[in-house]
>>> print(open('run.cif').read())   # mmCIF, C-alpha atoms and all ligand atoms
data_final
#
loop_
_atom_site.label_atom_id
_atom_site.label_comp_id
_atom_site.auth_asym_id
_atom_site.auth_seq_id
_atom_site.Cartn_x
_atom_site.Cartn_y
_atom_site.Cartn_z
CA MET A 11 9.55 21.66 15.26
CA THR A 12 9.61 20.63 11.61
CA THR A 13 6.54 21.63 9.65
CA VAL A 14 4.78 18.82 7.80
CA LYS A 15 4.80 19.74 4.11
CA ALA A 16 3.69 16.45 2.57
CA CYS A 17 1.79 13.31 3.47
CA LEU A 18 2.66 10.17 1.55
CA PHE A 19 0.08 7.41 1.38
CA ASP A 20 0.37 3.75 0.62
CA LEU A 21 -2.67 2.57 -1.37
CA ASP A 22 -3.57 -1.05 -0.60
CA GLY A 23 -4.86 -1.29 2.98
CA VAL A 24 -4.54 2.46 3.64
CA ILE A 25 -6.76 4.30 1.14
CA VAL A 26 -8.84 1.26 0.25
CA ASP A 27 -8.96 -2.33 1.45
CA THR A 28 -7.63 -4.01 -1.69
CA ALA A 29 -5.36 -6.00 0.66
CA VAL A 30 -8.24 -8.48 1.07
CA TYR A 31 -8.52 -8.88 -2.72
CA HIS A 32 -4.75 -9.47 -3.04
CA PHE A 33 -5.08 -12.15 -0.34
CA GLN A 34 -8.04 -13.83 -2.11
CA ALA A 35 -6.25 -13.87 -5.47
CA TRP A 36 -2.93 -15.15 -4.06
CA ARG A 37 -4.77 -17.80 -2.09
CA ARG A 38 -6.53 -18.97 -5.23
CA LEU A 39 -3.12 -19.28 -6.93
CA ALA A 40 -1.72 -21.29 -4.00
CA ASN A 41 -4.80 -23.53 -3.92
CA GLU A 42 -4.56 -24.22 -7.66
CA LEU A 43 -0.92 -25.20 -7.10
CA GLY A 44 -2.03 -27.59 -4.34
CA PHE A 45 -1.30 -25.77 -1.07
CA ASP A 46 -2.63 -23.02 1.20
CA PHE A 47 -1.26 -20.20 3.37
CA THR A 48 -2.58 -18.27 6.33
CA GLU A 49 -3.67 -14.69 6.92
CA HIS A 50 -0.68 -14.41 9.25
CA GLN A 51 1.70 -15.35 6.40
CA ASN A 52 -0.16 -12.86 4.21
CA GLU A 53 1.14 -10.00 6.39
CA GLN A 54 4.56 -10.63 4.86
CA LEU A 55 3.16 -9.97 1.37
CA LYS A 56 1.83 -6.51 2.17
CA GLY A 57 3.82 -3.79 0.45
CA ILE A 58 5.84 -6.36 -1.51
CA SER A 59 5.86 -6.37 -5.34
CA ARG A 60 3.90 -8.90 -7.36
CA MET A 61 6.90 -11.01 -8.40
CA GLU A 62 8.51 -10.92 -4.94
CA SER A 63 5.18 -11.98 -3.42
CA LEU A 64 4.99 -14.89 -5.86
CA GLU A 65 8.51 -16.02 -4.87
CA LEU A 66 7.56 -16.01 -1.16
CA ILE A 67 4.33 -17.94 -1.77
CA LEU A 68 6.01 -20.59 -3.98
CA ASN A 69 8.60 -20.99 -1.26
CA TRP A 70 5.88 -21.57 1.38
CA GLY A 71 4.33 -24.26 -0.83
CA GLY A 72 7.68 -25.80 -1.77
CA VAL A 73 6.78 -25.34 -5.45
CA THR A 74 9.46 -24.78 -8.11
CA LEU A 75 8.51 -23.12 -11.42
CA THR A 76 10.41 -21.94 -14.47
CA GLU A 77 10.68 -18.16 -15.07
CA GLU A 78 8.10 -18.47 -17.85
CA GLU A 79 5.67 -20.33 -15.57
CA LYS A 80 6.16 -17.70 -12.87
CA VAL A 81 5.21 -14.91 -15.26
CA ALA A 82 2.16 -16.89 -16.41
CA TRP A 83 0.95 -17.47 -12.81
CA ALA A 84 1.60 -13.83 -11.81
CA THR A 85 -0.46 -12.73 -14.83
CA LYS A 86 -3.29 -15.09 -13.82
CA LYS A 87 -3.20 -13.78 -10.25
CA ASN A 88 -3.36 -10.20 -11.50
CA GLN A 89 -6.36 -11.02 -13.69
CA TRP A 90 -8.24 -12.59 -10.73
CA TYR A 91 -7.29 -9.56 -8.63
CA LEU A 92 -8.48 -7.12 -11.30
CA ASP A 93 -11.79 -9.00 -11.64
CA LEU A 94 -12.34 -8.20 -7.94
CA VAL A 95 -11.04 -4.60 -8.30
CA MET A 96 -13.40 -3.88 -11.20
CA GLN A 97 -16.35 -4.60 -8.92
CA MET A 98 -15.19 -1.99 -6.40
CA THR A 99 -17.13 1.21 -5.79
CA PRO A 100 -16.22 4.56 -4.15
CA ASN A 101 -18.01 3.19 -1.04
CA GLU A 102 -14.95 1.04 -0.38
CA VAL A 103 -12.69 4.00 0.37
CA LEU A 104 -11.68 3.44 4.00
CA PRO A 105 -13.49 5.48 6.71
CA GLY A 106 -12.24 9.03 7.25
CA VAL A 107 -9.84 9.01 4.25
CA PRO A 108 -11.60 11.60 2.01
CA GLU A 109 -12.16 13.93 4.98
CA PHE A 110 -8.52 13.70 6.07
CA LEU A 111 -7.21 14.31 2.53
CA LYS A 112 -9.53 17.31 2.15
CA SER A 113 -8.27 18.79 5.42
CA LEU A 114 -4.65 18.30 4.29
CA ARG A 115 -5.39 20.19 1.12
CA ALA A 116 -7.17 22.95 3.05
CA ASN A 117 -4.00 23.30 5.17
CA GLY A 118 -1.69 23.49 2.14
CA ILE A 119 -0.10 20.08 2.79
CA LYS A 120 0.85 18.15 -0.36
CA ILE A 121 -0.49 14.65 -0.95
CA ALA A 122 1.39 11.85 -2.75
CA LEU A 123 0.80 8.17 -3.33
CA GLY A 124 3.69 5.78 -2.62
CA SER A 125 2.61 2.30 -3.64
CA ALA A 126 4.31 -0.83 -4.98
CA SER A 127 1.25 -1.54 -7.11
CA LYS A 128 1.26 -1.32 -10.89
CA ASN A 129 -2.53 -1.03 -10.75
CA SER A 130 -2.68 2.08 -8.57
CA LYS A 131 -4.08 4.57 -11.10
CA LEU A 132 -6.75 2.11 -12.19
CA ILE A 133 -7.80 1.59 -8.57
CA LEU A 134 -7.80 5.33 -7.76
CA GLU A 135 -9.97 5.96 -10.83
CA ARG A 136 -12.33 3.16 -9.83
CA ILE A 137 -12.85 4.63 -6.34
CA GLN A 138 -12.86 8.22 -7.70
CA MET A 139 -9.83 9.33 -5.65
CA LEU A 140 -7.37 10.21 -8.44
CA ASP A 141 -7.93 13.96 -8.12
CA TYR A 142 -6.84 14.07 -4.48
CA PHE A 143 -3.16 13.37 -5.28
CA ASP A 144 -0.52 15.95 -6.24
CA ALA A 145 1.88 13.13 -7.21
CA ILE A 146 1.61 9.40 -7.82
CA ILE A 147 4.66 7.17 -7.43
CA ASP A 148 3.91 3.48 -7.89
CA GLY A 149 5.23 0.13 -9.07
CA ASN A 150 5.63 1.53 -12.58
CA ASN A 151 8.15 4.16 -11.40
CA ILE A 152 10.39 2.34 -8.93
CA THR A 153 13.35 0.00 -9.27
CA LYS A 154 13.60 -0.96 -5.58
CA GLY A 155 10.64 -2.17 -3.53
CA LYS A 156 9.78 -1.50 0.12
CA PRO A 157 11.51 -1.73 2.64
CA ASP A 158 13.83 0.32 0.41
CA PRO A 159 12.79 3.99 0.83
CA GLN A 160 12.92 4.79 -2.92
CA VAL A 161 9.15 5.07 -3.46
CA PHE A 162 8.76 7.57 -0.60
CA LEU A 163 11.92 9.55 -1.44
CA MET A 164 10.54 9.98 -4.96
CA GLY A 165 7.21 11.07 -3.44
CA ALA A 166 8.96 13.64 -1.27
CA GLU A 167 10.86 14.99 -4.24
CA ALA A 168 7.73 15.18 -6.40
CA THR A 169 5.99 17.30 -3.77
CA GLY A 170 9.03 19.52 -3.12
CA ALA A 171 9.35 18.40 0.53
CA GLN A 172 12.39 17.21 2.46
CA PRO A 173 12.09 13.70 3.94
CA SER A 174 12.02 15.22 7.45
CA GLU A 175 8.94 17.23 6.38
CA CYS A 176 7.04 14.10 5.29
CA VAL A 177 4.69 11.76 7.11
CA VAL A 178 4.02 8.32 5.62
CA PHE A 179 0.80 6.32 6.17
CA GLU A 180 1.33 2.57 5.87
CA ASP A 181 -0.39 -0.73 6.71
CA ALA A 182 2.64 -2.90 5.88
CA VAL A 183 5.67 -3.73 8.02
CA ALA A 184 7.89 -3.30 4.93
CA GLY A 185 6.27 0.08 4.24
CA VAL A 186 6.85 1.39 7.76
CA GLN A 187 10.47 0.27 7.45
CA ALA A 188 10.76 2.09 4.09
CA ALA A 189 9.46 5.32 5.65
CA LYS A 190 11.86 5.11 8.58
CA ALA A 191 14.79 4.25 6.27
CA GLY A 192 13.93 7.41 4.32
CA GLY A 193 14.08 9.58 7.43
CA MET A 194 10.32 10.16 7.60
CA LYS A 195 7.70 9.82 10.30
CA ALA A 196 5.52 6.73 9.92
CA VAL A 197 1.89 6.40 10.94
CA GLY A 198 0.89 2.74 10.96
CA VAL A 199 -2.67 2.00 9.84
CA GLY A 200 -3.84 -1.22 11.46
CA SER A 201 -2.62 -3.15 14.46
CA ALA A 202 0.03 -1.87 16.90
CA ASP A 203 1.05 -5.51 17.52
CA ILE A 204 2.15 -5.85 13.90
CA LEU A 205 3.35 -2.31 13.06
CA THR A 206 5.79 -2.08 15.96
CA GLU A 207 8.26 0.23 14.18
CA ALA A 208 5.71 2.97 13.40
CA ASP A 209 5.82 6.27 15.35
CA ILE A 210 2.13 5.81 16.13
CA VAL A 211 -0.54 3.39 14.98
CA ILE A 212 -4.13 4.31 14.14
CA ALA A 213 -6.94 1.83 13.56
CA THR A 214 -8.69 4.17 11.11
CA PHE A 215 -8.39 7.73 9.77
CA GLU A 216 -11.43 8.59 11.87
CA ASP A 217 -8.94 8.55 14.80
CA PHE A 218 -6.62 11.06 13.10
CA SER A 219 -6.54 14.76 12.15
CA VAL A 220 -4.25 17.49 10.80
CA GLU A 221 -3.82 18.73 14.40
CA LYS A 222 -2.43 15.32 15.46
CA LEU A 223 -0.08 15.42 12.48
CA ALA A 224 1.61 18.58 13.77
CA HIS A 225 1.98 16.99 17.18
CA LEU A 226 3.52 13.83 15.72
CA ASN A 227 6.29 15.71 13.98
CA ARG A 228 7.33 17.72 17.06
CA ASN A 229 10.93 16.83 17.73
C1 LIG A 301 0.99 -3.32 -2.78
C2 LIG A 301 0.36 -4.46 -2.01
C3 LIG A 301 1.04 -5.77 -2.33
C4 LIG A 301 1.11 -5.98 -3.83
C5 LIG A 301 1.86 -4.83 -4.49
C6 LIG A 301 1.92 -4.96 -6.00
O1 LIG A 301 2.20 -2.99 -2.19
O2 LIG A 301 0.43 -4.23 -0.62
O3 LIG A 301 0.30 -6.80 -1.72
O4 LIG A 301 1.75 -7.19 -4.15
O5 LIG A 301 1.20 -3.62 -4.17
O6 LIG A 301 0.62 -4.79 -6.51
P1 LIG A 301 0.18 -5.06 -8.00
O7 LIG A 301 -1.19 -4.42 -8.05
O8 LIG A 301 1.16 -4.38 -8.89
O9 LIG A 301 0.16 -6.53 -8.20
MG MG A 302 -0.44 -1.50 1.89
#
>>> encode(input="run.cif", output="structure tokens")
Amino acid sequence: MTTVKACLFDLDGVIVDTAVYHFQAWRRLANELGFDFTEHQNEQLKGISRMESLELILNWGGVTLTEEEKVAWATKKNQWYLDLVMQMTPNEVLPGVPEFLKSLRANGIKIALGSASKNSKLILERIQMLDYFDAIIDGNNITKGKPDPQVFLMGAEATGAQPSECVVFEDAVAGVQAAKAGGMKAVGVGSADILTEADIVIATFEDFSVEKLAHLNRN
């Protein structure tokens, strides 16, 4: 049995439900450009960088923009998103997350963030969770987005763990794929119908514990 030395967490939709704010801001962008998209389509945007998300959305709406226009719309979207983020409080941390992170620390397991977001530190500060993390790897550090494993491999390295000693927590299909591509265990947070490639899926951290972590990595 491999010992779990580090847990790597996605941010949006795992630590805090900013996924709903991303959806609202992207939808506003689509609506201003004259079209709409569904919550089902939104699943494809989870874990995907800002500019890649914009490309997908423009494609859905059949809208063509110049590079300059794309940057301008992405900046607008981020401003709408940040307006929502700035209203967040520590109460929005998802159920069971602080307790689980505290128990990891008590058991000597390292904690890293592995997020595509360029806003991750701002969000962690806002919800008063910055101090829980031994390492933060985010959209400002990576050159390849999920499903490439880069963000999680960098997280493993920053915590001194081998990929086989890491467990990733993810709400995005692309994020689960990144974890698996990196040779790590993946715990899906959300729906088992969507996160089919995860080793297990939990609805909330209230359903999970350090004891279950050891069991998960037994092979
Ligand atoms: C996360 C979210 C994505 C978002 C990406 C970039 O991975 O799941 O929906 O597009 O971060 O976020 P940012 O805050 O940099 O726009
Ligand atoms: Mg996510």
>>> closest_residue(input="run.cif", among="A:Gly124, A:Pro100, A:Gly200, A:Gly106", to="ligand LIG 301 (chain A)", atoms="all atoms listed in the file")
A:Gly124
>>> residues_around(input="run.cif", residues="segment 32-41 of chain A", least_positions_apart="4", cutoff="8 Å", atoms="only C-alpha atoms", output="ChimeraX atom specification")
/A:28,45-47,49,52,67-68,71,83,87-88,90-91
>>> closest_residue(input="run.cif", among="A:Leu104, A:Ala188, A:Leu75, A:Leu132", to="Ala213 of chain A", atoms="only C-alpha atoms")
A:Leu104
>>> residues_near_ligand(input="run.cif", ligand="ligand LIG 301 (chain A)", cutoff="9 Å", atoms="only C-alpha atoms and all ligand atoms", output="VMD selection string")
chain A and resid 20 to 23 28 to 29 32 to 33 52 to 64 84 87 to 88 91 to 92 124 to 130 133 148 to 150 155 to 156 181 to 182 185
>>> write_last_selection(input="run.cif", atoms="C-alpha atoms", output="CSV table (one decimal), in the coordinates of the input")
chain,number,residue,atom,x,y,z
A,20,ASP,CA,0.4,3.8,0.6
A,21,LEU,CA,-2.7,2.6,-1.4
A,22,ASP,CA,-3.6,-1.0,-0.6
A,23,GLY,CA,-4.9,-1.3,3.0
A,28,THR,CA,-7.6,-4.0,-1.7
A,29,ALA,CA,-5.4,-6.0,0.7
A,32,HIS,CA,-4.8,-9.5,-3.0
A,33,PHE,CA,-5.1,-12.2,-0.3
A,52,ASN,CA,-0.2,-12.9,4.2
A,53,GLU,CA,1.1,-10.0,6.4
A,54,GLN,CA,4.6,-10.6,4.9
A,55,LEU,CA,3.2,-10.0,1.4
A,56,LYS,CA,1.8,-6.5,2.2
A,57,GLY,CA,3.8,-3.8,0.4
A,58,ILE,CA,5.8,-6.4,-1.5
A,59,SER,CA,5.9,-6.4,-5.3
A,60,ARG,CA,3.9,-8.9,-7.4
A,61,MET,CA,6.9,-11.0,-8.4
A,62,GLU,CA,8.5,-10.9,-4.9
A,63,SER,CA,5.2,-12.0,-3.4
A,64,LEU,CA,5.0,-14.9,-5.9
A,84,ALA,CA,1.6,-13.8,-11.8
A,87,LYS,CA,-3.2,-13.8,-10.2
A,88,ASN,CA,-3.4,-10.2,-11.5
A,91,TYR,CA,-7.3,-9.6,-8.6
A,92,LEU,CA,-8.5,-7.1,-11.3
A,124,GLY,CA,3.7,5.8,-2.6
A,125,SER,CA,2.6,2.3,-3.6
A,126,ALA,CA,4.3,-0.8,-5.0
A,127,SER,CA,1.2,-1.5,-7.1
A,128,LYS,CA,1.3,-1.3,-10.9
A,129,ASN,CA,-2.5,-1.0,-10.8
A,130,SER,CA,-2.7,2.1,-8.6
A,133,ILE,CA,-7.8,1.6,-8.6
A,148,ASP,CA,3.9,3.5,-7.9
A,149,GLY,CA,5.2,0.1,-9.1
A,150,ASN,CA,5.6,1.5,-12.6
A,155,GLY,CA,10.6,-2.2,-3.5
A,156,LYS,CA,9.8,-1.5,0.1
A,181,ASP,CA,-0.4,-0.7,6.7
A,182,ALA,CA,2.6,-2.9,5.9
A,185,GLY,CA,6.3,0.1,4.2
>>> closest_residue(input="run.cif", among="A:Thr48, A:Asp93, A:Ile210, A:Val199", to="ligand MG 302 (chain A)", atoms="only C-alpha atoms and all ligand atoms")
A:Val199
>>> atom_distance(input="run.cif", atom1="atom CA of Pro105 of chain A", atom2="atom CA of Ser219 of chain A")
12.8 Å
>>> atom_distance(input="run.cif", atom1="atom CA of Gly118 of chain A", atom2="atom CA of Gly170 of chain A")
12.6 Å
>>> closest_residue(input="run.cif", among="A:Asp209, A:Glu221, A:Glu78, A:Glu180", to="ligand MG 302 (chain A)", atoms="all atoms listed in the file")
A:Glu180
>>> axis_aligned_box(input="run.cif", around="segment 184-195 of chain A", padding_each_side="6 Å", output="AutoDock Vina command-line options")
--center_x 10.5 --center_y 3.4 --center_z 7.2 --size_x 20.5 --size_y 25.5 --size_z 18.2
>>> closest_residue(input="run.cif", among="A:Cys17, A:Leu123, A:Ala191, A:Leu114", to="ligand MG 302 (chain A)", atoms="all atoms listed in the file")
A:Leu123
>>> atom_distance(input="run.cif", atom1="atom CA of Asp158 of chain A", atom2="atom CA of Asp217 of chain A")
28.2 Å
>>> closest_residue(input="run.cif", among="A:Gln172, A:Thr85, A:Thr99, A:Thr214", to="Lys195 of chain A", atoms="only C-alpha atoms")
A:Gln172
>>> residues_around(input="run.cif", residues="Lys190 of chain A", least_positions_apart="2", cutoff="12 Å", atoms="all atoms listed in the file", output="CSV table (one decimal) with C-alpha atoms, in the frame of the given file")
chain,number,residue,atom,x,y,z
A,156,LYS,CA,9.8,-1.5,0.1
A,157,PRO,CA,11.5,-1.7,2.6
A,158,ASP,CA,13.8,0.3,0.4
A,159,PRO,CA,12.8,4.0,0.8
A,160,GLN,CA,12.9,4.8,-2.9
A,162,PHE,CA,8.8,7.6,-0.6
A,163,LEU,CA,11.9,9.6,-1.4
A,173,PRO,CA,12.1,13.7,3.9
A,174,SER,CA,12.0,15.2,7.4
A,176,CYS,CA,7.0,14.1,5.3
A,177,VAL,CA,4.7,11.8,7.1
A,178,VAL,CA,4.0,8.3,5.6
A,179,PHE,CA,0.8,6.3,6.2
A,180,GLU,CA,1.3,2.6,5.9
A,183,VAL,CA,5.7,-3.7,8.0
A,184,ALA,CA,7.9,-3.3,4.9
A,185,GLY,CA,6.3,0.1,4.2
A,186,VAL,CA,6.8,1.4,7.8
A,187,GLN,CA,10.5,0.3,7.4
A,188,ALA,CA,10.8,2.1,4.1
A,192,GLY,CA,13.9,7.4,4.3
A,193,GLY,CA,14.1,9.6,7.4
A,194,MET,CA,10.3,10.2,7.6
A,195,LYS,CA,7.7,9.8,10.3
A,196,ALA,CA,5.5,6.7,9.9
A,197,VAL,CA,1.9,6.4,10.9
A,198,GLY,CA,0.9,2.7,11.0
A,206,THR,CA,5.8,-2.1,16.0
A,207,GLU,CA,8.3,0.2,14.2
A,208,ALA,CA,5.7,3.0,13.4
A,209,ASP,CA,5.8,6.3,15.4
